[in-house]
>>> print(open('my_file18.txt').read())   # compact mmCIF, C-alpha atoms and all ligand atoms
# COMPACT_ATOMS: atom_id res chain seq x y z
CA MET A 1 18.64 3.95 -30.81
CA ALA A 2 20.39 2.80 -27.68
CA THR A 3 23.70 1.04 -27.94
CA HIS A 4 24.92 -1.50 -25.47
CA ILE A 5 27.88 -0.59 -23.36
CA ILE A 6 27.86 -3.98 -21.80
CA THR A 7 26.20 -6.88 -23.49
CA GLN A 8 25.54 -10.38 -22.41
CA ASN A 9 27.16 -13.64 -23.20
CA PRO A 10 24.27 -16.06 -23.26
CA THR A 11 24.62 -19.68 -22.31
CA ILE A 12 21.68 -21.51 -23.86
CA PRO A 13 20.83 -24.72 -22.01
CA THR A 14 19.88 -27.90 -23.82
CA ALA A 15 16.34 -29.30 -23.56
CA SER A 16 17.56 -31.62 -20.80
CA GLU A 17 18.34 -28.59 -18.67
CA GLU A 18 14.69 -27.64 -18.62
CA ALA A 19 14.70 -26.95 -14.90
CA LEU A 20 16.91 -23.98 -15.64
CA GLU A 21 14.65 -22.81 -18.46
CA ASP A 22 13.87 -19.52 -16.83
CA ASP A 23 17.57 -18.70 -16.59
CA ARG A 24 17.84 -18.69 -20.39
CA LEU A 25 18.32 -15.25 -21.88
CA CYS A 26 15.28 -14.22 -23.86
CA SER A 27 17.39 -13.81 -27.03
CA GLY A 28 20.98 -14.08 -28.14
CA ILE A 29 22.94 -10.98 -29.03
CA SER A 30 26.50 -10.31 -30.03
CA SER A 31 28.52 -10.19 -26.89
CA SER A 32 31.57 -8.62 -25.41
CA SER A 33 32.64 -9.05 -21.85
CA LEU A 34 32.24 -6.38 -19.25
CA LEU A 35 35.94 -6.42 -18.52
CA GLU A 36 36.88 -5.84 -22.16
CA GLN A 37 34.40 -3.00 -22.32
CA GLU A 38 35.55 -1.59 -19.04
CA GLN A 39 39.17 -1.62 -20.13
CA SER A 40 38.47 0.09 -23.43
CA GLN A 41 36.27 2.65 -21.71
CA SER A 42 38.68 3.50 -18.98
CA SER A 43 41.50 4.00 -21.48
CA SER A 44 39.40 6.47 -23.46
CA SER A 45 37.53 8.28 -20.68
CA SER A 46 38.07 10.47 -17.65
CA SER A 47 39.92 13.18 -19.55
CA ASP A 48 37.20 15.64 -18.53
CA PRO A 49 38.34 17.16 -15.24
CA SER A 50 34.74 17.89 -14.22
CA ASP A 51 33.86 14.26 -14.67
CA SER A 52 32.35 12.98 -11.45
CA LEU A 53 34.71 12.86 -8.51
CA SER A 54 37.60 11.96 -10.80
CA SER A 55 38.24 15.71 -10.72
CA LEU A 56 40.03 14.94 -7.50
CA GLY A 57 42.94 13.78 -9.65
CA SER A 58 44.13 10.70 -7.86
CA PRO A 59 41.34 8.90 -6.07
CA ASN A 60 43.61 8.94 -3.06
CA GLY A 61 43.56 12.71 -3.15
CA TYR A 62 40.29 12.31 -1.28
CA LEU A 63 39.38 15.26 0.91
CA ASN A 64 37.71 15.55 4.25
CA GLY A 65 34.86 17.40 5.92
CA GLN A 66 33.15 20.33 4.30
CA CYS A 67 34.93 19.81 1.01
CA ARG A 68 33.57 16.29 0.74
CA ILE A 69 30.04 17.51 1.43
CA GLU A 70 30.38 20.16 -1.27
CA ARG A 71 31.58 17.54 -3.71
CA ALA A 72 28.63 15.31 -2.81
CA TRP A 73 26.28 18.17 -3.70
CA THR A 74 28.17 19.17 -6.83
CA HIS A 75 27.85 15.63 -8.10
CA TRP A 76 24.16 15.41 -7.17
CA LYS A 77 23.44 18.70 -8.91
CA LYS A 78 25.41 17.64 -11.99
CA LEU A 79 23.07 14.65 -12.24
CA GLY A 80 20.10 17.04 -12.27
CA GLU A 81 19.01 16.34 -8.68
CA PRO A 82 16.81 13.36 -9.57
CA LYS A 83 13.78 13.11 -7.30
CA LEU A 84 11.93 10.12 -8.75
CA ILE A 85 14.03 7.00 -8.44
CA VAL A 86 13.59 3.28 -9.17
CA ALA A 87 14.64 1.37 -6.03
CA PRO A 88 17.03 -1.60 -6.21
CA MET A 89 15.15 -4.86 -6.73
CA VAL A 90 16.78 -8.26 -7.18
CA ASP A 91 15.55 -9.84 -10.42
CA ASN A 92 13.31 -6.82 -11.04
CA SER A 93 15.21 -3.53 -11.54
CA GLU A 94 17.13 -4.87 -14.52
CA LEU A 95 17.94 -2.83 -17.63
CA PRO A 96 14.68 -3.18 -19.65
CA PHE A 97 12.57 -2.43 -16.58
CA ARG A 98 14.72 0.57 -15.68
CA MET A 99 14.36 1.85 -19.25
CA LEU A 100 10.58 1.45 -19.11
CA CYS A 101 10.40 3.37 -15.82
CA ARG A 102 12.70 6.07 -17.21
CA LYS A 103 10.37 6.50 -20.18
CA TYR A 104 7.57 7.08 -17.66
CA GLY A 105 9.15 9.68 -15.45
CA ALA A 106 11.86 7.93 -13.40
CA GLU A 107 14.81 10.29 -13.17
CA ALA A 108 17.36 7.75 -11.88
CA ALA A 109 17.50 4.04 -11.09
CA TYR A 110 19.34 1.42 -9.05
CA THR A 111 20.44 -1.93 -10.43
CA PRO A 112 19.38 -5.02 -8.53
CA MET A 113 21.79 -5.91 -5.72
CA LEU A 114 24.90 -7.62 -7.09
CA HIS A 115 27.08 -9.89 -4.98
CA SER A 116 30.51 -8.25 -4.83
CA ARG A 117 32.52 -11.45 -4.44
CA LEU A 118 30.73 -13.27 -7.26
CA PHE A 119 30.97 -10.13 -9.37
CA SER A 120 34.70 -9.76 -8.93
CA GLU A 121 35.44 -13.49 -9.40
CA ASN A 122 32.98 -14.79 -11.95
CA GLU A 123 32.77 -13.45 -15.47
CA LYS A 124 29.56 -15.31 -16.28
CA TYR A 125 27.85 -13.74 -13.25
CA ARG A 126 29.08 -10.30 -14.31
CA THR A 127 27.91 -10.52 -17.89
CA GLN A 128 24.54 -12.02 -16.98
CA GLU A 129 23.66 -9.89 -14.00
CA PHE A 130 24.87 -6.44 -15.02
CA THR A 131 23.87 -4.83 -18.29
CA THR A 132 23.45 -1.19 -19.07
CA CYS A 133 23.39 1.20 -22.02
CA LYS A 134 24.27 4.83 -22.50
CA GLU A 135 20.70 6.04 -21.88
CA ASP A 136 20.62 4.15 -18.58
CA ARG A 137 21.81 7.11 -16.46
CA PRO A 138 21.88 8.36 -13.77
CA LEU A 139 22.56 4.84 -12.51
CA PHE A 140 23.28 3.48 -9.04
CA VAL A 141 25.01 0.08 -9.09
CA GLN A 142 24.30 -1.72 -5.84
CA PHE A 143 26.51 -4.35 -4.21
CA CYS A 144 26.28 -6.42 -1.09
CA ALA A 145 29.62 -6.97 0.60
CA ASN A 146 31.41 -7.76 3.80
CA ASN A 147 34.98 -7.43 2.61
CA PRO A 148 36.32 -3.97 1.68
CA ASP A 149 38.93 -5.23 -0.82
CA THR A 150 36.46 -7.46 -2.63
CA LEU A 151 33.94 -4.63 -2.73
CA LEU A 152 36.50 -2.26 -4.20
CA GLU A 153 37.49 -4.80 -6.84
CA ALA A 154 33.85 -5.23 -7.90
CA ALA A 155 33.18 -1.49 -7.75
CA ARG A 156 36.14 -0.70 -10.01
CA LEU A 157 34.60 -2.85 -12.74
CA VAL A 158 31.35 -0.89 -12.81
CA GLY A 159 32.76 2.55 -11.96
CA PRO A 160 32.93 3.82 -15.57
CA HIS A 161 29.30 2.83 -16.19
CA CYS A 162 27.51 4.39 -13.25
CA ASP A 163 27.02 7.52 -11.16
CA TYR A 164 27.12 5.92 -7.70
CA VAL A 165 28.36 2.64 -6.35
CA ASP A 166 25.83 1.76 -3.68
CA ILE A 167 26.27 -0.51 -0.67
CA ASN A 168 23.26 -2.57 0.36
CA LEU A 169 22.99 -2.20 4.14
CA GLY A 170 19.27 -2.90 4.25
CA CYS A 171 18.52 -6.42 3.04
CA PRO A 172 16.74 -8.21 5.94
CA GLN A 173 16.24 -11.59 4.25
CA ARG A 174 17.53 -14.95 5.52
CA ILE A 175 19.93 -15.17 2.59
CA ALA A 176 21.56 -11.93 3.80
CA LYS A 177 21.85 -13.34 7.30
CA ARG A 178 23.56 -16.47 5.96
CA GLY A 179 25.84 -14.45 3.67
CA TYR A 180 26.45 -11.82 6.37
CA TYR A 181 25.56 -8.70 4.43
CA GLY A 182 22.74 -6.17 4.08
CA ALA A 183 20.94 -5.24 7.31
CA PHE A 184 22.92 -7.84 9.28
CA LEU A 185 25.95 -5.58 9.09
CA MET A 186 24.05 -3.21 11.42
CA ASP A 187 25.53 -5.45 14.14
CA ASN A 188 29.07 -4.64 13.00
CA LEU A 189 29.38 -0.91 12.39
CA PRO A 190 33.21 -0.92 12.24
CA LEU A 191 32.94 -3.25 9.25
CA VAL A 192 30.34 -1.01 7.61
CA LYS A 193 32.64 1.97 8.16
CA SER A 194 35.56 0.17 6.56
CA LEU A 195 33.46 -0.72 3.48
CA VAL A 196 32.40 2.88 2.95
CA GLU A 197 35.86 4.29 3.59
CA LYS A 198 37.46 1.83 1.21
CA LEU A 199 35.31 3.00 -1.67
CA ALA A 200 35.32 6.68 -0.75
CA GLN A 201 39.12 6.76 -0.57
CA ASN A 202 39.89 4.66 -3.63
CA LEU A 203 37.11 4.99 -6.16
CA PRO A 204 36.59 7.95 -8.50
CA VAL A 205 32.81 7.37 -8.41
CA PRO A 206 30.93 8.48 -5.27
CA VAL A 207 29.68 5.90 -2.82
CA SER A 208 26.08 5.79 -1.64
CA CYS A 209 24.42 3.57 0.97
CA LYS A 210 20.91 2.23 1.44
CA ILE A 211 19.99 1.60 5.06
CA ARG A 212 17.11 0.55 7.29
CA LEU A 213 16.22 2.13 10.62
CA PHE A 214 17.37 0.98 14.03
CA PRO A 215 14.46 0.50 16.47
CA ASN A 216 15.81 3.52 18.33
CA LEU A 217 15.99 6.85 16.47
CA LYS A 218 19.15 7.94 18.27
CA ASP A 219 20.98 4.85 17.00
CA THR A 220 19.75 5.53 13.48
CA ILE A 221 21.09 9.08 13.58
CA THR A 222 24.45 7.95 14.97
CA TYR A 223 24.64 5.33 12.22
CA ALA A 224 23.77 7.80 9.46
CA ARG A 225 26.33 10.32 10.75
CA MET A 226 28.99 7.62 10.85
CA LEU A 227 28.26 6.78 7.19
CA GLU A 228 28.53 10.44 6.19
CA GLU A 229 31.82 10.77 8.10
CA ALA A 230 33.16 7.67 6.40
CA GLY A 231 32.61 9.26 2.98
CA CYS A 232 29.10 8.24 1.95
CA ALA A 233 28.01 10.88 -0.62
CA LEU A 234 24.30 10.03 -0.66
CA LEU A 235 22.11 8.08 1.73
CA ALA A 236 18.83 6.30 0.95
CA VAL A 237 16.79 5.53 4.06
CA HIS A 238 14.19 2.78 3.98
CA GLY A 239 11.88 3.83 6.80
CA ARG A 240 11.46 0.38 8.32
CA THR A 241 13.57 -1.64 10.75
CA ARG A 242 15.31 -4.92 9.96
CA ASP A 243 12.46 -6.84 11.62
CA GLN A 244 9.73 -4.99 9.71
CA LYS A 245 10.10 -7.14 6.62
CA ASP A 246 6.54 -6.95 5.36
CA GLY A 247 6.01 -3.59 3.69
CA THR A 248 2.24 -4.11 3.57
CA LYS A 249 2.09 -4.58 7.37
CA PHE A 250 4.42 -1.80 8.48
CA ARG A 251 4.14 1.79 7.29
CA ALA A 252 7.48 3.41 6.56
CA ASP A 253 8.44 5.88 9.29
CA TRP A 254 8.79 9.19 7.48
CA ILE A 255 9.35 11.01 10.79
CA ALA A 256 12.54 9.02 11.32
CA ILE A 257 13.58 9.71 7.72
CA LYS A 258 13.07 13.44 8.32
CA ALA A 259 15.25 13.21 11.43
CA VAL A 260 18.04 11.61 9.37
CA LYS A 261 17.68 14.26 6.66
CA ASP A 262 17.89 17.01 9.31
CA ALA A 263 20.97 15.43 10.90
CA LEU A 264 23.02 15.01 7.71
CA MET A 265 24.61 17.37 5.22
CA ILE A 266 24.76 15.04 2.20
CA PRO A 267 21.71 14.41 -0.05
CA VAL A 268 19.22 11.99 1.53
CA LEU A 269 16.55 9.90 -0.21
CA ALA A 270 13.40 8.41 1.33
CA ASN A 271 12.11 4.91 0.68
CA GLY A 272 8.85 3.27 1.71
CA ASN A 273 5.16 3.87 0.98
CA ILE A 274 5.57 5.65 -2.34
CA ARG A 275 2.55 4.29 -4.21
CA HIS A 276 1.52 7.23 -6.41
CA MET A 277 2.45 10.84 -7.00
CA ASP A 278 0.46 12.15 -4.02
CA ASP A 279 2.76 10.05 -1.84
CA VAL A 280 5.79 11.55 -3.62
CA ARG A 281 4.54 15.06 -2.90
CA SER A 282 3.69 14.31 0.74
CA CYS A 283 6.97 12.54 1.37
CA LEU A 284 9.07 15.35 -0.11
CA GLU A 285 7.10 17.90 1.92
CA GLU A 286 7.02 16.00 5.21
CA THR A 287 10.62 14.79 5.25
CA GLY A 288 12.46 17.46 3.26
CA VAL A 289 14.44 14.72 1.48
CA ASP A 290 16.08 15.22 -1.89
CA GLY A 291 14.29 12.39 -3.68
CA VAL A 292 12.24 9.24 -3.22
CA LEU A 293 12.65 5.59 -4.13
CA SER A 294 9.76 3.34 -5.06
CA ALA A 295 9.91 -0.44 -5.42
CA GLU A 296 6.83 -2.65 -5.18
CA SER A 297 4.37 -0.12 -6.56
CA LEU A 298 6.50 0.33 -9.68
CA LEU A 299 6.37 -3.41 -10.35
CA GLU A 300 2.62 -3.13 -10.69
CA ASN A 301 2.64 0.29 -12.32
CA PRO A 302 5.92 1.28 -14.00
CA ALA A 303 4.24 4.56 -15.11
CA LEU A 304 3.74 5.71 -11.50
CA PHE A 305 6.28 8.54 -11.78
CA ALA A 306 4.51 9.92 -14.87
CA GLY A 307 1.39 10.49 -12.74
CA PHE A 308 -0.52 7.30 -13.61
CA ARG A 309 -2.18 5.39 -10.79
CA THR A 310 -3.96 2.07 -10.45
CA ALA A 311 -7.69 1.87 -9.66
CA GLU A 312 -6.89 1.11 -6.01
CA TRP A 313 -5.62 4.67 -5.54
CA ILE A 314 -8.60 6.52 -6.98
CA GLU A 315 -11.25 4.94 -4.75
CA GLY A 316 -13.43 7.68 -3.33
CA LYS A 317 -11.82 10.22 -5.67
CA GLU A 318 -13.29 8.95 -8.94
CA GLU A 319 -14.56 12.37 -10.02
CA SER A 320 -11.09 13.92 -9.86
CA ASN A 321 -9.51 11.16 -11.98
CA ARG A 322 -9.95 9.97 -15.54
CA ASP A 323 -8.83 7.06 -17.70
CA GLY A 324 -5.26 7.98 -18.65
CA GLY A 325 -5.40 6.17 -22.00
CA LEU A 326 -2.73 3.72 -20.85
CA ASP A 327 -2.99 0.33 -19.15
CA GLN A 328 -0.74 -2.41 -17.81
CA GLY A 329 -1.19 -4.44 -20.99
CA ASP A 330 0.31 -1.53 -22.95
CA LEU A 331 3.15 -1.26 -20.45
CA LEU A 332 3.86 -4.98 -20.61
CA VAL A 333 4.07 -4.85 -24.41
CA GLU A 334 6.50 -1.93 -24.17
CA TYR A 335 8.52 -3.87 -21.61
CA LEU A 336 8.67 -6.95 -23.85
CA LYS A 337 9.94 -4.83 -26.74
CA LEU A 338 12.68 -3.50 -24.47
CA CYS A 339 13.57 -7.10 -23.55
CA GLU A 340 13.92 -7.91 -27.23
CA GLU A 341 16.41 -5.06 -27.41
CA TYR A 342 18.16 -5.75 -24.08
CA PRO A 343 17.97 -9.49 -23.37
CA VAL A 344 17.44 -10.74 -19.82
CA PRO A 345 16.70 -14.20 -18.38
CA TRP A 346 13.11 -15.36 -18.87
CA ARG A 347 12.61 -15.74 -15.12
CA ILE A 348 12.85 -11.94 -14.84
CA ILE A 349 10.35 -11.40 -17.65
CA ARG A 350 8.00 -13.90 -16.04
CA ALA A 351 8.16 -11.98 -12.75
CA HIS A 352 7.28 -8.71 -14.49
CA VAL A 353 4.36 -10.30 -16.38
CA HIS A 354 2.86 -11.32 -13.02
CA GLY A 355 3.69 -7.93 -11.51
CA MET A 356 2.03 -5.89 -14.24
CA LEU A 357 -0.92 -8.16 -15.05
CA GLY A 358 -1.81 -9.37 -11.53
CA ASP A 359 -5.20 -7.60 -11.54
CA TRP A 360 -5.97 -8.84 -15.05
CA PHE A 361 -5.20 -12.42 -14.04
CA ARG A 362 -7.54 -12.12 -11.07
CA ILE A 363 -10.36 -11.58 -13.59
CA HIS A 364 -9.13 -14.35 -15.95
CA PRO A 365 -7.23 -16.90 -13.82
CA GLU A 366 -7.32 -19.37 -16.73
CA VAL A 367 -4.90 -17.11 -18.64
CA ARG A 368 -2.53 -17.10 -15.67
CA GLU A 369 -2.77 -20.89 -15.48
CA ASP A 370 -1.79 -21.18 -19.15
CA LEU A 371 1.16 -18.90 -18.51
CA ASN A 372 2.26 -20.98 -15.52
CA LYS A 373 2.05 -24.16 -17.59
CA GLN A 374 4.35 -22.65 -20.21
CA ARG A 375 7.81 -23.88 -19.28
CA MET A 376 9.57 -22.32 -22.26
CA LEU A 377 8.36 -18.77 -22.75
CA THR A 378 8.55 -16.94 -26.07
CA PHE A 379 7.77 -13.35 -26.98
CA GLU A 380 5.11 -14.61 -29.39
CA PHE A 381 3.33 -16.42 -26.54
CA LEU A 382 3.42 -13.31 -24.35
CA TYR A 383 2.22 -10.86 -27.02
CA ASP A 384 -0.60 -13.33 -27.86
CA MET A 385 -1.47 -13.57 -24.17
CA VAL A 386 -1.99 -9.79 -23.92
CA ASN A 387 -4.15 -9.91 -27.09
CA ARG A 388 -6.15 -12.79 -25.65
CA LEU A 389 -6.84 -10.81 -22.46
CA ARG A 390 -8.00 -7.88 -24.56
CA GLU A 391 -10.24 -10.13 -26.66
CA LEU A 392 -11.75 -11.44 -23.42
CA GLY A 393 -12.74 -7.84 -22.77
CA THR A 394 -10.25 -7.16 -19.98
CA ARG A 395 -9.05 -3.63 -19.73
CA ILE A 396 -8.17 -2.06 -16.44
CA PRO A 397 -7.09 1.50 -17.14
CA LEU A 398 -4.43 3.45 -15.34
CA TYR A 399 -5.81 6.78 -14.18
CA VAL A 400 -4.53 10.32 -14.14
CA SER A 401 -5.91 13.14 -12.11
CA THR A 402 -7.98 15.77 -13.89
CA PRO A 403 -6.73 19.30 -14.67
CA LYS A 404 -5.85 20.42 -11.15
CA ASN A 405 -3.16 17.76 -11.61
CA THR A 406 0.09 19.03 -10.14
CA ASP A 407 2.27 16.09 -11.12
CA ALA A 408 3.90 18.17 -13.83
CA GLU A 409 5.26 20.52 -11.15
CA ILE A 410 7.30 17.71 -9.70
CA PHE A 411 8.73 16.77 -13.09
CA SER A 412 9.88 20.28 -13.76
CA GLY A 413 11.77 20.23 -10.54
C1 LIG A 501 11.26 -7.77 -5.61
C2 LIG A 501 12.07 -6.92 -4.68
C3 LIG A 501 13.45 -7.01 -4.70
C4 LIG A 501 14.22 -6.19 -3.87
N1 LIG A 501 15.58 -6.24 -3.97
C5 LIG A 501 16.33 -5.30 -3.30
C6 LIG A 501 17.71 -5.16 -3.56
O1 LIG A 501 18.29 -5.82 -4.42
N2 LIG A 501 18.41 -4.24 -2.83
C7 LIG A 501 17.80 -3.44 -1.90
O2 LIG A 501 18.47 -2.61 -1.27
N3 LIG A 501 16.48 -3.54 -1.66
C8 LIG A 501 15.74 -4.43 -2.35
N4 LIG A 501 14.38 -4.47 -2.19
C9 LIG A 501 13.76 -3.51 -1.25
C10 LIG A 501 13.31 -2.25 -2.00
O3 LIG A 501 14.39 -1.59 -2.63
C11 LIG A 501 12.64 -1.27 -1.04
O4 LIG A 501 13.57 -0.89 -0.07
C12 LIG A 501 11.41 -1.86 -0.34
O5 LIG A 501 10.63 -2.65 -1.20
C13 LIG A 501 10.55 -0.74 0.23
O6 LIG A 501 10.09 0.11 -0.80
P1 LIG A 501 8.56 0.07 -1.29
O7 LIG A 501 7.73 0.36 -0.07
O8 LIG A 501 8.45 1.14 -2.34
O9 LIG A 501 8.29 -1.31 -1.84
C14 LIG A 501 13.59 -5.28 -2.98
C15 LIG A 501 12.20 -5.22 -2.96
C16 LIG A 501 11.44 -6.00 -3.81
C17 LIG A 501 9.94 -5.87 -3.78
>>> encode(input="my_file18.txt", output="structure tokens")
Amino acid sequence: MATHIITQNPTIPTASEEALEDDRLCSGISSSSLLEQEQSQSSSSSSDPSDSLSSLGSPNGYLNGQCRIERAWTHWKKLGEPKLIVAPMVDNSELPFRMLCRKYGAEAAYTPMLHSRLFSENEKYRTQEFTTCKEDRPLFVQFCANNPDTLLEAARLVGPHCDYVDINLGCPQRIAKRGYYGAFLMDNLPLVKSLVEKLAQNLPVPVSCKIRLFPNLKDTITYARMLEEAGCALLAVHGRTRDQKDGTKFRADWIAIKAVKDALMIPVLANGNIRHMDDVRSCLEETGVDGVLSAESLLENPALFAGFRTAEWIEGKEESNRDGGLDQGDLLVEYLKLCEEYPVPWRIIRAHVHGMLGDWFRIHPEVREDLNKQRMLTFEFLYDMVNRLRELGTRIPLYVSTPKNTDAEIFSG
């Protein structure tokens, strides 16, 4: 049974705070603050000299060039070279969802993006937005930032609980423009460099970055090389530019990702257009990257990395696929059980219900309407809703490919 390393400190609103209903945690649990946990952990850990990059002794004993690249690879190998990775998703790649994806083949996962200033200043934000447990590894904790000292302060708090501290350099949304972070830092590369250097030179945990492409490949390569030089130990490349916000409209550019992989010496991950295991195979082959990230497709099908695919991806290949004996209703029930174990705000659960049961609701929109009317969710309501859909005769299976199936090869490395 998993134990919490960091638990949450729920603040339950009164009925008059109904508008914030979805921010309620889905259940109360005994709590201890992240800082308390972090302090007790750091006093009892790090005696193992092979532990992460703490083997450098003092974090300031940071080394340059080839040595740093070797350390990046040593760390990556120590983590088992994970290839199948849950991408960072605000309000969606939280602990119970990560644990569900891990059960179904994910070999590593990112937290949702955390705001470094809020994280370092605000205990309530910390305890609500970052939870983990000892089985939740390898783990990338992602921050947005535009101030190196603030980023370091936030990163130090999560360092003992993760395998990489990741910098979000890819968020293209308006909120990132207003807050001056994510992909908008592509206009200020000296600042990006200072963020990476600050962590690489002062933190015992390696720093990773997640970027988007520049419109021009040469600029992308220069950018990626600068990050590697600054001490980035692992780079995830989302193969779209800052202006290509809609993933359904713009295919990720795997050719550009391959060019980045070829230009760098550290491990590189690809992101974009990973919808099923055939995509994983093609992407690894075509780009030569060390692993892939998937985001939107996992929201619909958290069992993607175990070789399951939705009906959309078997069209025209029906004879080489069969009902996998698992469906999104089953996955939602498993997810809800994980939420009972690892509480999260109801708004997050609500988002996952829509993500996993979208196709089911298209057949029975009245069930979706009842869900939308429900201002105060309960587990009982949600379990009953899945039963009701089943009683209405809805079952949309997830499929697996028949014996020629080579998904197992990817799992075994
Ligand atoms: C709901 C949602 C939330 C996201 N939040 C983040 C985030 O917190 N940090 C980040 O770097 N990218 C975030 N992304 C972008 C994804 O990590 C990923 O780069 C993008 O969706 C492309 O991958 P895909 O084609 O597999 O969906 C988010 C995407 C979605 C769909």
>>> axis_aligned_box(input="my_file18.txt", around="ligand LIG 501 (chain A)", padding_each_side="8 Å", output="AutoDock Vina command-line options")
--center_x 13.1 --center_y -3.3 --center_z -2.7 --size_x 26.7 --size_y 24.9 --size_z 21.8
>>> residues_near_ligand(input="my_file18.txt", ligand="ligand LIG 501 (chain A)", cutoff="10 Å", atoms="only C-alpha atoms and all ligand atoms", output="PyMOL selection string")
chain A and resi 86-93+110-115+142-144+166-173+182-183+209-212+236-240+245-248+250-252+270-275+292-299+351-352+355
>>> closest_residue(input="my_file18.txt", among="A:Asn147, A:Val165, A:Arg350, A:Lys258", to="A:Leu191", atoms="all atoms listed in the file")
A:Asn147
>>> closest_atom_pairs(input="my_file18.txt", of="stretch 255-373 of chain A", to="stretch 67-73 of chain A", cutoff="9 Å", atoms="all atoms listed in the file", output="JSON lines")
{"residue": "A:Met265", "atom": "CA", "partner": "A:Ile69", "partner_atom": "CA", "distance": 6.6}
{"residue": "A:Ile266", "atom": "CA", "partner": "A:Ile69", "partner_atom": "CA", "distance": 5.9}
{"residue": "A:Pro267", "atom": "CA", "partner": "A:Trp73", "partner_atom": "CA", "distance": 7.0}
>>> closest_residue(input="my_file18.txt", among="A:Pro82, A:Pro148, A:Gly393, A:Gly65", to="A:Pro190", atoms="only C-alpha atoms")
A:Pro148
>>> atom_distance(input="my_file18.txt", atom1="atom CA of A:Cys232", atom2="atom CA of A:Glu94")
24.2 Å
>>> residues_near_point(input="my_file18.txt", point="(6.9, 7.2, -17.4)", cutoff="9 Å", atoms="only C-alpha atoms", output="list in words")
Leu100, Cys101, Arg102, Lys103, Tyr104, Gly105, Ala106, Pro302, Ala303, Leu304, Phe305, Ala306, Gly307 and Phe308 of chain A
>>> closest_residue(input="my_file18.txt", among="A:Ser116, A:Gln66, A:Asn146, A:Thr222", to="A:Phe184", atoms="all atoms listed in the file")
A:Asn146
